[in-house]
Amino acid sequence: MKIHLLQYITRSLVIGAMSIVPFGASALAEGADMTKNIDAGRTLAFDRAKGNCLACHALPGGTMAGDVGPALPMKGVTFQQMFQTKEKLVAFLADPEKMFPYANMPEFGKNKVLTHEELGLIADYLWSLK
Amino acid sequence: MKRWLIALSIAGLTGISGAAQAVNWWDLGNIKVGPDETLKQFHEYFKQRFPNIPLEKYAIGSYAFNPEMYSQYQEAMQFNPGDLTLSAGQKLWDIPFKNGKTYASCYPNGGKGVATHYPYFDDKTKTVVTIGTSINACRSENGEAPLKYGSPDMVALQTYLTSLSNGMPMAIQVSGPAATKAFEEGKAYYFMKRGQLNFSCASCHVAYPGKYLRDQIISPVLGESAHFPSYRAAWSSVNTLQKRIEGCNKNVGAEPQPLESVDYRNLEYFMSYLSNGIKINVPGYRP
């Protein structure tokens, strides 16, 4: 396979930012809605044209993952322990540098790669990982 | 590493930002230390990060991190498709101008060994001269129209002229305040975050060399400039360092600069200086 993947990945991230969000659910949904959110969040996280988290992070069930960032969930710490609330996780994804200086994650929210709602769904998905 | 990340994130989440000191690669971006100190710091940084990679091995870029890929590389190098561009460049090089002179007349030793000193800072014109701009300067001195940067003929000539220094270590010089300023502007560009992904060149090529971005191993900045112009499978052709930089700019959603613009020349000057001591090997070959 001879596609230049980085080009693909990063360009699609940019293109992804321009398309419209198909998901309307809130990050605080319960029960069956929550299962739906988690699935939608996983799809967004894996989608090369959206979160494309696998470019840099291993995630359960993901293939061809990079290792620029830590494998998620990180060994020995749950997302609950690390971020306390889902809102803080969303805030981190939206603007990692604001939470800790010198962060090297893309600023998915601040740079409008993903919407706040999409980040909420991804947070629902991450929150569900054990 | 992991533990550091946790410490950093928890510190960040609780609002203690003092932990930032731990990220020492960032300190390499200080543009006040001058070229000598910069080179020392970079070489020291990479020596600490990768004690098993001697300086000369940076010539092979990301292959230094994957011996298996490297043996594939060596096999490929026996039939480097870039050699076609090299011989096209040699033909062009030997064609005399209308005035009967040749490119060789513009360079000491007919061009042999000169690429080890390129780019250099020209104190008269107060600008960085690259192999590319020197070829066009040679043309205009001889009454010929300039070639378009990025055009196949220009790339072929750049490849041939650079290859006349194959096997010789890069020896870029930065001396005097004006040259130092150009160098530092290149350095600042290298460390400035940009684009929708908000990445600097250094975020990838200083902080994360050896790491996988999907299935690509990120190369360290040291040595990158020593194998350009390079054949790339993804291009199916040979192209220049600046063309590659344009690609990385686009990949993070940043506006690329025109080829041979002041920004790109200063950047190439800075990057090439960091490769001092590493042997030129052109055309390189990359996936």
# chains A, B, ... in the order shown; residues from 1 in each chain; ligands from 1
>>> residues_around(residues="segment 30-32 of chain B", least_positions_apart="5", cutoff="8 Å", atoms="only C-alpha atoms", output="PyMOL selection string")
chain B and resi 184+187-188
>>> residues_around(residues="Arg286 of chain B", least_positions_apart="4", cutoff="10 Å", atoms="only C-alpha atoms", output="VMD selection string")
chain B and resid 60 to 63 73 76 to 77 80 227 230 to 235 238
>>> write_last_selection(atoms="N, CA, C and O atoms", output="PDB file, in the first residue's frame")
ATOM      1  N   ILE B  60      20.359   8.143   7.168  1.00  0.00           N
ATOM      2  CA  ILE B  60      19.324   7.270   6.606  1.00  0.00           C
ATOM      3  C   ILE B  60      17.933   7.590   7.155  1.00  0.00           C
ATOM      4  O   ILE B  60      16.968   6.876   6.891  1.00  0.00           O
ATOM      5  N   GLY B  61      17.811   8.674   7.917  1.00  0.00           N
ATOM      6  CA  GLY B  61      16.505   9.165   8.338  1.00  0.00           C
ATOM      7  C   GLY B  61      15.736   8.161   9.159  1.00  0.00           C
ATOM      8  O   GLY B  61      16.304   7.495  10.029  1.00  0.00           O
ATOM      9  N   SER B  62      14.445   8.006   8.852  1.00  0.00           N
ATOM     10  CA  SER B  62      13.604   7.153   9.689  1.00  0.00           C
ATOM     11  C   SER B  62      14.046   5.690   9.636  1.00  0.00           C
ATOM     12  O   SER B  62      13.733   4.910  10.525  1.00  0.00           O
ATOM     13  N   TYR B  63      14.812   5.320   8.606  1.00  0.00           N
ATOM     14  CA  TYR B  63      15.296   3.937   8.540  1.00  0.00           C
ATOM     15  C   TYR B  63      16.202   3.586   9.726  1.00  0.00           C
ATOM     16  O   TYR B  63      16.360   2.417  10.052  1.00  0.00           O
ATOM     17  N   TYR B  73      15.590  -0.875   2.090  1.00  0.00           N
ATOM     18  CA  TYR B  73      16.100   0.376   1.523  1.00  0.00           C
ATOM     19  C   TYR B  73      17.391   0.128   0.757  1.00  0.00           C
ATOM     20  O   TYR B  73      17.569   0.579  -0.371  1.00  0.00           O
ATOM     21  N   ALA B  76      16.705  -1.454  -2.440  1.00  0.00           N
ATOM     22  CA  ALA B  76      16.133  -0.479  -3.367  1.00  0.00           C
ATOM     23  C   ALA B  76      17.206   0.461  -3.905  1.00  0.00           C
ATOM     24  O   ALA B  76      17.178   0.848  -5.070  1.00  0.00           O
ATOM     25  N   MET B  77      18.163   0.807  -3.044  1.00  0.00           N
ATOM     26  CA  MET B  77      19.179   1.763  -3.461  1.00  0.00           C
ATOM     27  C   MET B  77      20.034   1.259  -4.620  1.00  0.00           C
ATOM     28  O   MET B  77      20.645   2.048  -5.334  1.00  0.00           O
ATOM     29  N   ASN B  80      17.999   2.683  -7.565  1.00  0.00           N
ATOM     30  CA  ASN B  80      17.302   3.907  -7.185  1.00  0.00           C
ATOM     31  C   ASN B  80      16.723   4.569  -8.435  1.00  0.00           C
ATOM     32  O   ASN B  80      17.479   4.994  -9.314  1.00  0.00           O
ATOM     33  N   HIS B 227      20.157  14.180   2.147  1.00  0.00           N
ATOM     34  CA  HIS B 227      19.810  13.244   1.073  1.00  0.00           C
ATOM     35  C   HIS B 227      18.835  13.831   0.052  1.00  0.00           C
ATOM     36  O   HIS B 227      18.250  13.126  -0.756  1.00  0.00           O
ATOM     37  N   SER B 230      15.643  13.946  -3.328  1.00  0.00           N
ATOM     38  CA  SER B 230      15.431  12.552  -3.005  1.00  0.00           C
ATOM     39  C   SER B 230      14.319  11.979  -3.868  1.00  0.00           C
ATOM     40  O   SER B 230      13.369  12.683  -4.198  1.00  0.00           O
ATOM     41  N   TYR B 231      14.474  10.686  -4.174  1.00  0.00           N
ATOM     42  CA  TYR B 231      13.359   9.982  -4.811  1.00  0.00           C
ATOM     43  C   TYR B 231      12.385   9.556  -3.730  1.00  0.00           C
ATOM     44  O   TYR B 231      12.788   9.025  -2.705  1.00  0.00           O
ATOM     45  N   ARG B 232      11.116   9.815  -3.938  1.00  0.00           N
ATOM     46  CA  ARG B 232      10.092   9.344  -3.003  1.00  0.00           C
ATOM     47  C   ARG B 232       9.058   8.549  -3.751  1.00  0.00           C
ATOM     48  O   ARG B 232       8.494   9.019  -4.744  1.00  0.00           O
ATOM     49  N   ALA B 233       8.790   7.356  -3.242  1.00  0.00           N
ATOM     50  CA  ALA B 233       7.772   6.526  -3.869  1.00  0.00           C
ATOM     51  C   ALA B 233       6.439   7.272  -3.925  1.00  0.00           C
ATOM     52  O   ALA B 233       5.707   7.194  -4.910  1.00  0.00           O
ATOM     53  N   ALA B 234       6.140   8.023  -2.857  1.00  0.00           N
ATOM     54  CA  ALA B 234       4.858   8.729  -2.819  1.00  0.00           C
ATOM     55  C   ALA B 234       4.764   9.800  -3.916  1.00  0.00           C
ATOM     56  O   ALA B 234       3.676  10.160  -4.334  1.00  0.00           O
ATOM     57  N   TRP B 235       5.895  10.290  -4.383  1.00  0.00           N
ATOM     58  CA  TRP B 235       5.912  11.264  -5.482  1.00  0.00           C
ATOM     59  C   TRP B 235       6.107  10.559  -6.818  1.00  0.00           C
ATOM     60  O   TRP B 235       5.884  11.166  -7.860  1.00  0.00           O
ATOM     61  N   VAL B 238      11.833  12.441  -8.211  1.00  0.00           N
ATOM     62  CA  VAL B 238      12.789  13.095  -7.328  1.00  0.00           C
ATOM     63  C   VAL B 238      12.310  14.515  -7.087  1.00  0.00           C
ATOM     64  O   VAL B 238      11.834  15.176  -8.013  1.00  0.00           O
TER      65      VAL B 238
END
>>> atom_distance(atom1="atom CA of Thr85 of chain B", atom2="atom CA of Asn281 of chain B")
14.3 Å
>>> select_by_dssp(residues="segment 68-269 of chain B", states="alpha helix (DSSP H)", output="compact mmCIF listing (two decimals) with C-alpha atoms, in the first residue's frame")
# COMPACT_ATOMS: atom_id res chain seq x y z
CA GLU B 68 14.23 -4.36 8.53
CA MET B 69 13.04 -1.38 6.54
CA TYR B 70 16.65 -0.40 6.17
CA SER B 71 17.65 -3.60 4.44
CA GLN B 72 14.75 -3.11 2.05
CA TYR B 73 16.10 0.38 1.52
CA GLN B 74 19.54 -0.91 0.70
CA GLU B 75 18.11 -3.30 -1.83
CA ALA B 76 16.13 -0.48 -3.37
CA MET B 77 19.18 1.76 -3.46
CA GLY B 82 16.18 8.67 -8.81
CA ASP B 83 19.29 7.84 -10.83
CA LEU B 84 17.29 8.64 -13.97
CA THR B 85 16.89 12.19 -12.72
CA LEU B 86 20.57 12.27 -11.87
CA SER B 87 21.64 11.39 -15.39
CA ALA B 88 19.09 13.81 -16.85
CA GLY B 89 20.71 16.45 -14.63
CA GLN B 90 24.18 15.55 -15.84
CA LYS B 91 23.12 15.95 -19.48
CA LEU B 92 21.60 19.37 -18.77
CA TRP B 93 24.69 20.36 -16.82
CA ASP B 94 26.95 19.62 -19.76
CA ILE B 131 21.82 25.27 -4.75
CA GLY B 132 18.60 26.18 -6.56
CA THR B 133 19.07 29.95 -6.52
CA SER B 134 22.76 29.55 -7.41
CA ILE B 135 21.82 27.65 -10.58
CA ASN B 136 19.52 30.47 -11.65
CA ALA B 137 22.17 33.05 -10.75
CA CYS B 138 24.61 31.15 -12.97
CA ARG B 139 22.08 31.18 -15.80
CA SER B 140 21.46 34.90 -15.58
CA GLU B 141 25.18 35.66 -15.42
CA PRO B 152 11.90 18.91 -13.76
CA ASP B 153 14.97 20.55 -15.31
CA MET B 154 15.68 22.61 -12.21
CA VAL B 155 15.25 19.59 -9.92
CA ALA B 156 17.51 17.49 -12.17
CA LEU B 157 20.23 20.15 -12.12
CA GLN B 158 19.95 20.53 -8.34
CA THR B 159 20.26 16.76 -8.03
CA TYR B 160 23.32 16.55 -10.22
CA LEU B 161 25.16 19.48 -8.65
CA THR B 162 24.45 18.21 -5.13
CA SER B 163 25.57 14.69 -6.07
CA PRO B 177 25.40 38.96 12.55
CA ALA B 178 23.46 39.00 9.26
CA ALA B 179 23.99 35.28 8.63
CA THR B 180 23.11 34.54 12.24
CA LYS B 181 19.89 36.49 11.86
CA ALA B 182 18.87 34.44 8.80
CA PHE B 183 19.74 31.26 10.68
CA GLU B 184 17.66 32.32 13.67
CA GLU B 185 14.71 33.20 11.46
CA GLY B 186 14.90 29.70 10.05
CA LYS B 187 15.03 28.33 13.55
CA ALA B 188 12.03 30.40 14.63
CA TYR B 189 10.07 29.10 11.64
CA TYR B 190 11.01 25.57 12.63
CA PHE B 191 9.61 25.98 16.13
CA CYS B 201 8.18 21.22 12.49
CA ALA B 202 9.87 20.55 15.82
CA SER B 203 6.71 18.98 17.31
CA CYS B 204 7.24 16.09 14.94
CA HIS B 205 10.91 16.03 13.93
CA LEU B 241 13.84 19.43 0.50
CA GLN B 242 11.68 22.51 0.04
CA LYS B 243 9.08 20.49 -1.83
CA ARG B 244 9.00 18.05 1.10
CA ILE B 245 8.58 20.94 3.52
CA GLU B 246 5.69 22.21 1.45
CA GLY B 247 4.09 18.77 1.92
CA CYS B 248 4.53 18.85 5.70
CA ASN B 249 3.09 22.37 5.79
CA LYS B 250 0.01 21.19 3.93
CA ASN B 251 -0.31 18.12 6.13
CA VAL B 262 13.03 33.87 2.08
CA ASP B 263 11.23 31.74 4.69
CA TYR B 264 12.09 28.46 2.98
CA ARG B 265 15.69 29.46 2.28
CA ASN B 266 16.24 30.49 5.89
CA LEU B 267 14.59 27.27 7.01
CA GLU B 268 16.81 25.20 4.73
CA TYR B 269 19.84 27.09 6.02
>>> residues_around(residues="segment 78-89 of chain A", least_positions_apart="5", cutoff="7 Å", atoms="only C-alpha atoms", output="list in words")
Pro73, Ala123, Trp127 and Lys130 of chain A; Ile10 of chain B
>>> write_last_selection(atoms="C-alpha atoms", output="compact mmCIF listing (two decimals), in the first residue's frame")
# COMPACT_ATOMS: atom_id res chain seq x y z
CA PRO A 73 -6.77 4.20 28.03
CA ALA A 123 -15.72 11.76 25.49
CA TRP A 127 -15.34 7.36 29.37
CA LYS A 130 -11.94 0.26 30.98
CA ILE B 10 -2.55 15.96 36.38
>>> residues_around(residues="Ala55 of chain A", least_positions_apart="3", cutoff="10 Å", atoms="only C-alpha atoms", output="number ranges by chain")
A: 5-6, 9-10, 46, 48, 51-52, 58, 63-69; B: 212-216
>>> closest_residue(among="A:Leu121, A:Leu72, A:Ala40, A:Ala32", to="chain B", atoms="only C-alpha atoms")
A:Leu72
>>> atom_distance(atom1="atom CA of Lys279 of chain B", atom2="atom CA of Phe199 of chain B")
29.0 Å
>>> closest_residue(among="B:Ala226, B:Leu259, B:Val282, B:Ile95", to="Leu164 of chain B", atoms="only C-alpha atoms")
B:Val282
>>> atom_distance(atom1="atom CA of Phe65 of chain B", atom2="atom CA of Ser236 of chain B")
23.6 Å
>>> closest_residue(among="B:Gly253, B:Pro119, B:Pro220, B:Gly111", to="chain A", atoms="only C-alpha atoms")
B:Gly253
>>> select_by_dssp(residues="segment 5-141 of chain B", states="strand (DSSP E or B)", output="PyMOL selection string")
chain B and resi 120-122+127-129
>>> closest_residue(among="A:Lys75, A:Lys50, A:Lys36, A:Arg42", to="chain B", atoms="only C-alpha atoms")
A:Lys75
>>> residues_around(residues="Asp39 of chain A", least_positions_apart="4", cutoff="8 Å", atoms="only C-alpha atoms", output="list in words")
Thr35, Thr43 and Tyr125 of chain A
>>> write_last_selection(atoms="N, CA and C atoms", output="compact mmCIF listing (two decimals), in the first residue's frame")
# COMPACT_ATOMS: atom_id res chain seq x y z
N THR A 35 -25.53 4.22 24.93
CA THR A 35 -24.90 3.20 24.09
C THR A 35 -24.72 3.74 22.67
N THR A 43 -16.98 5.73 16.42
CA THR A 43 -16.90 5.95 14.98
C THR A 43 -16.16 7.24 14.66
N TYR A 125 -17.45 7.98 24.57
CA TYR A 125 -16.78 6.74 24.17
C TYR A 125 -15.56 6.48 25.04
>>> decode(residues="segment 207-275 of chain B", atoms="C-alpha atoms", output="tab-separated table (two decimals), in the first residue's frame")
chain	number	residue	atom	x	y	z
B	207	ALA	CA	9.90	15.78	19.86
B	208	TYR	CA	8.77	12.54	18.17
B	209	PRO	CA	11.38	11.07	15.83
B	210	GLY	CA	11.20	7.28	15.83
B	211	LYS	CA	7.51	7.36	16.73
B	212	TYR	CA	4.85	6.12	14.40
B	213	LEU	CA	2.33	8.46	12.90
B	214	ARG	CA	-0.02	5.75	11.62
B	215	ASP	CA	2.47	3.58	9.73
B	216	GLN	CA	5.12	6.22	9.03
B	217	ILE	CA	8.18	6.51	11.24
B	218	ILE	CA	8.92	10.17	11.87
B	219	SER	CA	12.50	11.11	10.94
B	220	PRO	CA	14.77	13.26	13.11
B	221	VAL	CA	15.74	16.68	11.73
B	222	LEU	CA	19.42	15.71	11.78
B	223	GLY	CA	20.41	14.33	8.41
B	224	GLU	CA	17.23	15.22	6.55
B	225	SER	CA	18.86	17.76	4.31
B	226	ALA	CA	21.79	15.49	3.43
B	227	HIS	CA	19.81	13.24	1.07
B	228	PHE	CA	17.77	15.80	-0.85
B	229	PRO	CA	16.91	15.96	-3.73
B	230	SER	CA	15.43	12.55	-3.00
B	231	TYR	CA	13.36	9.98	-4.81
B	232	ARG	CA	10.09	9.34	-3.00
B	233	ALA	CA	7.77	6.53	-3.87
B	234	ALA	CA	4.86	8.73	-2.82
B	235	TRP	CA	5.91	11.26	-5.48
B	236	SER	CA	7.18	8.65	-7.97
B	237	SER	CA	9.87	11.19	-8.71
B	238	VAL	CA	12.79	13.10	-7.33
B	239	ASN	CA	12.15	16.38	-5.60
B	240	THR	CA	13.74	18.82	-3.22
B	241	LEU	CA	13.84	19.43	0.50
B	242	GLN	CA	11.68	22.51	0.04
B	243	LYS	CA	9.08	20.49	-1.83
B	244	ARG	CA	9.00	18.05	1.10
B	245	ILE	CA	8.58	20.94	3.52
B	246	GLU	CA	5.69	22.21	1.45
B	247	GLY	CA	4.09	18.77	1.92
B	248	CYS	CA	4.53	18.85	5.70
B	249	ASN	CA	3.09	22.37	5.79
B	250	LYS	CA	0.01	21.19	3.93
B	251	ASN	CA	-0.31	18.12	6.13
B	252	VAL	CA	-0.92	20.22	9.21
B	253	GLY	CA	-3.28	22.53	7.36
B	254	ALA	CA	-0.76	25.38	7.13
B	255	GLU	CA	-0.15	27.69	4.20
B	256	PRO	CA	3.01	26.59	2.35
B	257	GLN	CA	5.50	29.26	1.23
B	258	PRO	CA	6.69	29.61	-2.37
B	259	LEU	CA	9.75	27.53	-3.28
B	260	GLU	CA	12.98	29.48	-2.66
B	261	SER	CA	11.10	32.16	-0.71
B	262	VAL	CA	13.03	33.87	2.08
B	263	ASP	CA	11.23	31.74	4.69
B	264	TYR	CA	12.09	28.46	2.98
B	265	ARG	CA	15.69	29.46	2.28
B	266	ASN	CA	16.24	30.49	5.89
B	267	LEU	CA	14.59	27.27	7.01
B	268	GLU	CA	16.81	25.20	4.73
B	269	TYR	CA	19.84	27.09	6.02
B	270	PHE	CA	18.93	26.26	9.61
B	271	MET	CA	18.09	22.61	8.89
B	272	SER	CA	21.20	22.05	6.80
B	273	TYR	CA	23.46	23.48	9.48
B	274	LEU	CA	22.07	20.91	11.91
B	275	SER	CA	23.20	18.19	9.52
